>>> print(open('model-v7.txt').read())   # compact mmCIF, C-alpha atoms and all ligand atoms
# COMPACT_ATOMS: atom_id res chain seq x y z
CA MET A 1 95.04 -218.01 183.02
CA THR A 2 94.32 -217.75 186.74
CA ASP A 3 98.01 -218.52 187.47
CA LEU A 4 98.74 -214.92 186.37
CA SER A 5 96.11 -213.42 188.67
CA ARG A 6 97.43 -215.37 191.68
CA ARG A 7 100.68 -213.42 191.58
CA PRO A 8 99.73 -209.78 192.19
CA ALA A 9 102.58 -207.33 191.58
CA LEU A 10 103.20 -204.91 194.47
CA PRO A 11 103.14 -201.13 194.02
CA ARG A 12 106.42 -199.27 194.62
CA PRO A 13 106.24 -196.75 197.54
CA SER A 14 105.41 -193.69 195.40
CA GLN A 15 102.57 -195.68 193.78
CA THR A 16 100.85 -196.28 197.10
CA LYS A 17 99.66 -192.65 197.14
CA VAL A 18 98.42 -192.91 193.53
CA GLN A 19 96.65 -196.15 194.45
CA GLN A 20 95.02 -194.58 197.56
CA SER A 21 93.94 -191.56 195.54
CA PHE A 22 92.24 -193.63 192.83
CA ARG A 23 90.75 -196.04 195.38
CA ARG A 24 89.23 -193.09 197.27
CA GLY A 25 87.77 -191.69 194.04
CA LEU A 26 86.49 -195.04 192.72
CA ASP A 27 82.80 -194.46 193.59
CA SER A 28 82.70 -190.95 192.12
CA TYR A 29 85.16 -191.46 189.23
CA HIS A 30 82.88 -192.83 186.54
CA GLN A 31 80.38 -189.93 186.72
CA ALA A 32 82.91 -187.18 187.47
CA ALA A 33 85.56 -188.14 184.87
CA THR A 34 83.72 -186.75 181.84
CA HIS A 35 86.98 -185.71 180.12
CA GLN A 36 88.47 -189.18 180.56
CA ALA A 37 85.21 -190.73 179.26
CA ASP A 38 85.41 -188.60 176.14
CA ILE A 39 89.14 -189.36 175.68
CA ALA A 40 88.46 -193.13 175.98
CA ALA A 41 85.57 -192.84 173.48
CA GLN A 42 87.87 -191.12 170.97
CA LEU A 43 90.53 -193.80 171.47
CA GLY A 44 87.96 -196.58 170.97
CA HIS A 45 86.60 -194.89 167.86
CA ARG A 46 90.06 -194.38 166.29
CA LEU A 47 91.15 -197.91 167.16
CA SER A 48 88.08 -199.53 165.64
CA ASP A 49 88.67 -197.53 162.43
CA LEU A 50 92.22 -198.94 162.13
CA ALA A 51 92.43 -202.41 163.72
CA PRO A 52 90.63 -205.64 162.77
CA LYS A 53 87.14 -205.93 164.31
CA HIS A 54 87.91 -209.43 165.63
CA LEU A 55 90.86 -209.82 168.00
CA GLY A 56 92.15 -212.90 169.83
CA ARG A 57 94.14 -211.85 172.90
CA VAL A 58 93.66 -208.37 174.40
CA LEU A 59 95.07 -206.68 177.52
CA GLU A 60 93.81 -203.36 178.88
CA PHE A 61 95.81 -201.78 181.72
CA GLY A 62 94.78 -199.02 184.13
CA ALA A 63 91.16 -199.86 183.30
CA GLY A 64 89.68 -198.17 186.40
CA THR A 65 85.89 -198.07 186.20
CA GLY A 66 85.89 -199.19 182.56
CA HIS A 67 85.51 -196.17 180.26
CA LEU A 68 87.80 -197.75 177.67
CA THR A 69 86.67 -201.31 178.49
CA GLN A 70 83.14 -200.32 177.46
CA GLN A 71 84.46 -198.91 174.19
CA ILE A 72 86.51 -201.96 173.18
CA THR A 73 83.89 -204.52 174.19
CA LYS A 74 81.21 -202.56 172.30
CA ARG A 75 83.28 -201.97 169.15
CA LEU A 76 85.39 -205.15 168.88
CA SER A 77 84.82 -208.86 169.17
CA ILE A 78 87.46 -210.17 171.61
CA GLU A 79 88.19 -213.82 172.33
CA THR A 80 90.25 -213.46 175.53
CA LEU A 81 90.39 -210.28 177.57
CA TRP A 82 92.70 -209.43 180.48
CA ILE A 83 91.94 -206.32 182.51
CA ASN A 84 94.52 -204.72 184.82
CA ASP A 85 94.50 -201.92 187.36
CA LEU A 86 96.76 -200.83 190.19
CA VAL A 87 93.66 -200.73 192.44
CA PRO A 88 92.46 -204.31 193.12
CA GLU A 89 88.89 -203.06 193.81
CA SER A 90 88.62 -202.10 190.10
CA ALA A 91 88.00 -205.82 189.50
CA GLY A 92 84.35 -205.07 190.30
CA PHE A 93 84.09 -202.99 187.09
CA ALA A 94 85.66 -205.59 184.77
CA PRO A 95 83.32 -207.58 182.50
CA PRO A 96 82.56 -211.07 183.88
CA GLU A 97 84.25 -212.80 180.93
CA ALA A 98 87.57 -210.98 181.55
CA THR A 99 90.44 -212.10 183.78
CA PHE A 100 91.40 -209.32 186.20
CA LEU A 101 95.12 -208.86 186.95
CA PRO A 102 95.75 -206.49 189.91
CA GLY A 103 98.94 -204.47 190.42
CA PRO A 104 101.28 -202.03 188.67
CA ILE A 105 101.58 -202.71 184.95
CA GLU A 106 105.35 -202.08 185.16
CA THR A 107 106.00 -205.36 187.01
CA LEU A 108 102.88 -207.39 186.24
CA VAL A 109 103.38 -210.90 184.87
CA LEU A 110 101.99 -210.40 181.37
CA PRO A 111 100.21 -212.79 179.05
CA GLY A 112 102.13 -213.32 175.80
CA LYS A 113 101.34 -213.11 172.07
CA LEU A 114 98.82 -210.31 172.57
CA ASP A 115 96.92 -208.91 169.58
CA LEU A 116 96.12 -205.63 171.33
CA ILE A 117 97.38 -203.78 174.39
CA CYS A 118 95.33 -200.70 175.21
CA SER A 119 94.99 -198.13 177.93
CA ALA A 120 93.33 -194.75 178.45
CA SER A 121 94.52 -191.94 180.73
CA THR A 122 97.01 -194.09 182.66
CA VAL A 123 100.48 -193.97 181.02
CA GLN A 124 101.19 -190.59 182.66
CA TRP A 125 101.57 -192.46 185.99
CA ILE A 126 104.39 -194.69 184.71
CA GLU A 127 107.82 -193.39 185.73
CA ASP A 128 109.94 -195.42 183.28
CA LEU A 129 107.58 -195.01 180.32
CA PRO A 130 110.01 -196.07 177.51
CA GLY A 131 111.10 -199.15 179.51
CA THR A 132 107.51 -200.18 180.26
CA ILE A 133 106.29 -199.58 176.70
CA LYS A 134 109.23 -201.63 175.37
CA ARG A 135 108.32 -204.51 177.73
CA LEU A 136 104.64 -204.30 176.75
CA CYS A 137 105.41 -204.27 173.02
CA ALA A 138 107.62 -207.36 173.50
CA HIS A 139 104.44 -209.17 174.58
CA LEU A 140 102.62 -208.31 171.33
CA ALA A 141 102.26 -210.92 168.59
CA PRO A 142 103.67 -209.91 165.18
CA GLY A 143 101.11 -207.52 163.67
CA GLY A 144 99.75 -206.73 167.16
CA TRP A 145 98.46 -203.28 168.11
CA ILE A 146 99.04 -200.84 170.94
CA ALA A 147 96.42 -198.11 171.49
CA LEU A 148 97.02 -195.55 174.21
CA SER A 149 95.92 -192.18 175.45
CA GLY A 150 98.07 -190.14 177.78
CA PHE A 151 98.58 -186.43 178.47
CA GLY A 152 100.98 -183.83 177.08
CA ALA A 153 103.13 -181.21 178.77
CA ALA A 154 100.27 -178.69 179.13
CA GLN A 155 98.22 -181.08 181.32
CA PHE A 156 97.05 -179.20 184.45
CA HIS A 157 99.73 -176.55 183.77
CA GLU A 158 97.77 -174.08 185.92
CA LEU A 159 98.34 -176.23 189.01
CA ARG A 160 102.05 -176.62 188.31
CA GLU A 161 102.49 -172.88 187.74
CA LEU A 162 100.94 -172.29 191.16
CA GLY A 163 103.53 -174.62 192.71
CA SER A 164 101.43 -177.81 193.04
CA THR A 165 103.26 -181.12 193.34
CA ALA A 166 100.30 -183.00 191.80
CA ALA A 167 101.97 -183.61 188.43
CA ALA A 168 102.12 -187.20 187.23
CA PRO A 169 105.65 -188.31 186.23
CA SER A 170 105.17 -188.83 182.46
CA TYR A 171 103.42 -186.10 180.51
CA VAL A 172 104.48 -186.81 176.90
CA ASP A 173 103.54 -184.68 173.87
CA ALA A 174 102.36 -186.47 170.71
CA GLU A 175 105.60 -186.03 168.74
CA ALA A 176 107.70 -187.31 171.65
CA TRP A 177 105.92 -190.69 171.39
CA ARG A 178 108.06 -191.37 168.30
CA ASP A 179 111.05 -191.75 170.68
CA VAL A 180 109.10 -193.70 173.31
CA LEU A 181 107.88 -196.48 171.01
CA PRO A 182 110.35 -199.25 170.09
CA SER A 183 111.62 -199.20 166.48
CA ASP A 184 109.58 -202.26 165.43
CA MET A 185 106.34 -200.32 166.08
CA THR A 186 104.81 -198.34 163.18
CA ILE A 187 102.67 -195.38 164.19
CA LYS A 188 99.19 -195.47 162.63
CA HIS A 189 97.66 -192.57 164.53
CA LEU A 190 99.12 -189.72 166.58
CA SER A 191 97.20 -186.67 167.80
CA GLN A 192 96.86 -184.20 170.65
CA GLY A 193 94.03 -181.81 171.50
CA ARG A 194 93.60 -179.46 174.45
CA GLN A 195 90.33 -179.23 176.35
CA VAL A 196 89.54 -176.78 179.13
CA ALA A 197 87.34 -177.56 182.13
CA TRP A 198 85.74 -174.56 183.88
CA PHE A 199 84.98 -174.20 187.59
CA ALA A 200 83.07 -171.57 189.57
CA ASP A 201 85.67 -171.55 192.35
CA ALA A 202 88.72 -173.31 193.76
CA ARG A 203 86.62 -175.56 196.00
CA ALA A 204 84.78 -176.96 192.94
CA LEU A 205 88.08 -177.42 191.09
CA LEU A 206 89.64 -179.31 194.02
CA ARG A 207 86.49 -181.43 194.36
CA HIS A 208 86.82 -182.37 190.67
CA LEU A 209 90.46 -183.45 191.25
CA ARG A 210 89.48 -185.47 194.31
CA GLU A 211 86.49 -187.17 192.65
CA THR A 212 88.55 -188.18 189.64
CA GLY A 213 91.51 -189.32 191.79
CA VAL A 214 93.95 -187.45 189.55
CA ASN A 215 95.76 -185.58 192.32
CA GLY A 216 97.75 -188.67 193.31
CA GLY A 217 100.94 -186.73 194.01
CA ALA A 218 99.35 -183.91 196.00
CA SER A 219 98.42 -183.27 199.59
CA GLN A 220 94.78 -184.03 200.47
CA HIS A 221 94.64 -181.52 203.33
CA TRP A 222 93.49 -177.99 202.68
CA GLY A 223 93.10 -175.75 205.70
CA PRO A 224 90.85 -172.64 205.32
CA GLN A 225 93.86 -170.32 204.89
CA ALA A 226 95.56 -172.54 202.29
CA LEU A 227 92.30 -172.76 200.34
CA LYS A 228 91.88 -168.97 200.45
CA THR A 229 95.44 -168.37 199.22
CA PHE A 230 95.05 -170.99 196.45
CA GLU A 231 91.74 -169.43 195.36
CA SER A 232 93.09 -165.87 195.18
CA ASP A 233 96.35 -166.94 193.45
CA TYR A 234 94.41 -169.02 190.90
CA ARG A 235 91.93 -166.20 190.26
CA ARG A 236 94.67 -163.56 189.89
CA ARG A 237 96.75 -165.71 187.52
CA PHE A 238 94.10 -167.51 185.41
CA GLY A 239 90.63 -166.25 186.40
CA THR A 240 88.23 -165.17 183.60
CA PRO A 241 84.55 -164.14 183.60
CA GLN A 242 83.87 -167.82 182.71
CA GLY A 243 85.45 -168.95 185.98
CA LEU A 244 88.64 -170.88 186.72
CA PRO A 245 90.11 -172.93 183.82
CA LEU A 246 91.87 -176.28 184.17
CA THR A 247 93.64 -177.58 181.05
CA TYR A 248 93.42 -181.19 179.91
CA ASP A 249 95.97 -182.01 177.17
CA PRO A 250 95.13 -185.49 175.86
CA VAL A 251 97.38 -187.38 173.44
CA TRP A 252 96.33 -190.43 171.41
CA VAL A 253 98.76 -192.94 169.95
CA ILE A 254 98.02 -196.11 168.00
CA ALA A 255 100.84 -198.25 166.60
CA ARG A 256 101.31 -201.66 165.03
CA LYS A 257 104.13 -204.17 165.47
CA SER A 258 105.93 -205.27 162.30
C1 LIG B 1 92.64 -191.61 185.22
S1 LIG B 1 92.28 -193.29 185.56
C2 LIG B 1 91.79 -193.92 183.96
C3 LIG B 1 90.81 -195.06 184.09
C4 LIG B 1 90.20 -195.51 182.75
N1 LIG B 1 91.21 -196.10 181.90
C5 LIG B 1 89.52 -194.35 182.04
O1 LIG B 1 89.89 -194.07 180.89
O2 LIG B 1 88.61 -193.75 182.62
C6 LIG B 1 93.89 -194.03 185.75
C7 LIG B 1 93.84 -195.47 186.24
O3 LIG B 1 95.14 -196.04 186.16
C8 LIG B 1 95.40 -196.79 187.31
N2 LIG B 1 96.86 -196.83 187.44
C9 LIG B 1 97.70 -195.83 187.81
N3 LIG B 1 98.97 -196.25 187.76
C10 LIG B 1 98.93 -197.55 187.32
C11 LIG B 1 99.93 -198.53 187.08
N4 LIG B 1 101.21 -198.26 187.27
N5 LIG B 1 99.55 -199.76 186.66
C12 LIG B 1 98.21 -200.05 186.48
N6 LIG B 1 97.22 -199.16 186.70
C13 LIG B 1 97.58 -197.92 187.11
C14 LIG B 1 94.65 -196.07 188.42
O4 LIG B 1 94.38 -196.90 189.51
C15 LIG B 1 93.39 -195.61 187.70
O5 LIG B 1 92.36 -196.56 187.76
>>> encode(input="model-v7.txt", output="structure tokens")
Amino acid sequence: MTDLSRRPALPRPSQTKVQQSFRRGLDSYHQAATHQADIAAQLGHRLSDLAPKHLGRVLEFGAGTGHLTQQITKRLSIETLWINDLVPESAGFAPPEATFLPGPIETLVLPGKLDLICSASTVQWIEDLPGTIKRLCAHLAPGGWIALSGFGAAQFHELRELGSTAAAPSYVDAEAWRDVLPSDMTIKHLSQGRQVAWFADARALLRHLRETGVNGGASQHWGPQALKTFESDYRRRFGTPQGLPLTYDPVWVIARKS
């Protein structure tokens, strides 16, 4: 098994920024990412309702600080677990019994005959999502499961409407997953549900993005004037007595290979 971990895949240039952003947020992520924690909990819950409780070979990618890892290890009995993340330092959050595989999932050397491939809040960072999902599903054993959460087209729409370049490359609505999954995968669960996070001001909103590492495509530098303009634009366009809203648009998909 260690032969796989000795060959780390290298991030492509545009992934270096994503990697830096998540590495910078690693210490704050677990506490700050309450939406991602809830999304991972819902994925774990739905998966354990559908899949067998005992699974042989399992791969989780984009595991980060382990919100989904905690769910699957708590809810399922797993014989062999591989944990991946683009950020090598995430290895410190993987359970001791797991084998950690660093690097981008797109080019990682994958274990074969997997019974489950799962991932929470990561697929939006994959540029060629259909190609990568096809490759992943090819590594599933017959009857194997894929359980994913991503984000739909309304994810952080406020930021995009204000001209931010922070968008991840693959926001996919629930129904569009039917075209992303290969034809030998049968969908067992598909859902989408918006959640809104509220912030007192733009500074708090930007801190939230920084602490959760989710602004991988955006500039990190905010001068006082830029911050002021962002704050007044955001307030004018979206402000309410409750504060400034930021939309999360999670999507859950669980499918089984024939
Ligand atoms: C929003 S975090 C989600 C972490 C965790 N799964 C959760 O639910 O809290 C996204 C994670 O995906 C990782 N990531 C981003 N692009 C990736 C890629 N191409 N391959 C593997 N991991 C990736 C990041 O480093 C980060 O840890």
>>> residues_around(input="model-v7.txt", residues="Arg23 (chain A)", least_positions_apart="2", cutoff="9 Å", atoms="all atoms listed in the file", output="ChimeraX atom specification")
/A:18-21,25-27,87-90,213
>>> residues_around(input="model-v7.txt", residues="Gln70 (chain A)", least_positions_apart="4", cutoff="9 Å", atoms="all atoms listed in the file", output="number ranges by chain")
A: 41, 44, 66, 74-75, 95
>>> residues_around(input="model-v7.txt", residues="Arg178 (chain A)", least_positions_apart="6", cutoff="10 Å", atoms="only C-alpha atoms", output="short mmCIF file (atom, residue, chain, number, x, y, z; two decimals) with C-alpha atoms, keeping the file's coordinate frame")
data_model
loop_
_atom_site.label_atom_id
_atom_site.label_comp_id
_atom_site.auth_asym_id
_atom_site.auth_seq_id
_atom_site.Cartn_x
_atom_site.Cartn_y
_atom_site.Cartn_z
CA MET A 185 106.34 -200.32 166.08
CA THR A 186 104.81 -198.34 163.18
CA ILE A 187 102.67 -195.38 164.19
CA LEU A 190 99.12 -189.72 166.58
CA VAL A 253 98.76 -192.94 169.95
#
>>> residues_around(input="model-v7.txt", residues="Pro111 (chain A)", least_positions_apart="4", cutoff="12 Å", atoms="all atoms listed in the file", output="list of chain:residue names")
A:Met1, A:Thr2, A:Asp3, A:Leu4, A:Ser5, A:Arg57, A:Val58, A:Leu59, A:Glu60, A:Thr80, A:Leu81, A:Trp82, A:Ile83, A:Asn84, A:Thr99, A:Phe100, A:Leu101, A:Ile105, A:Asp115, A:Leu116, A:Ile117, A:Arg135, A:Leu136, A:Cys137, A:Ala138, A:His139, A:Leu140, A:Ala141
>>> atom_distance(input="model-v7.txt", atom1="CA of Ile146 (chain A)", atom2="CA of Ser28 (chain A)")
28.5 Å
>>> axis_aligned_box(input="model-v7.txt", around="ligand LIG 1 (chain B)", padding_each_side="8 Å", output="lines of an AutoDock Vina configuration file")
center_x = 94.9
center_y = -195.8
center_z = 185.2
size_x = 28.6
size_y = 24.4
size_z = 24.6
>>> closest_residue(input="model-v7.txt", among="A:Ser149, A:Ser232, A:Ser119, A:Gln15", to="Leu244 (chain A)", atoms="only C-alpha atoms")
A:Ser232
>>> residues_near_point(input="model-v7.txt", point="(85.1, -193.2, 177.0)", cutoff="12 Å", atoms="all atoms listed in the file", output="ChimeraX atom specification")
/A:30-31,33-46,63-75,119-121,149
>>> closest_residue(input="model-v7.txt", among="A:Tyr248, A:Trp198, A:Trp145, A:Trp222", to="ligand LIG 1 (chain B)", atoms="all atoms listed in the file")
A:Tyr248
>>> residues_around(input="model-v7.txt", residues="Ile254 (chain A)", least_positions_apart="2", cutoff="6 Å", atoms="all atoms listed in the file", output="mmCIF file with C-alpha atoms, in the frame of the given file")
data_model
loop_
_atom_site.group_PDB
_atom_site.id
_atom_site.type_symbol
_atom_site.label_atom_id
_atom_site.label_comp_id
_atom_site.auth_asym_id
_atom_site.auth_seq_id
_atom_site.Cartn_x
_atom_site.Cartn_y
_atom_site.Cartn_z
ATOM 1 C CA ILE A 146 99.040 -200.840 170.940
ATOM 2 C CA ALA A 147 96.420 -198.110 171.490
ATOM 3 C CA LYS A 188 99.190 -195.470 162.630
ATOM 4 C CA HIS A 189 97.660 -192.570 164.530
#
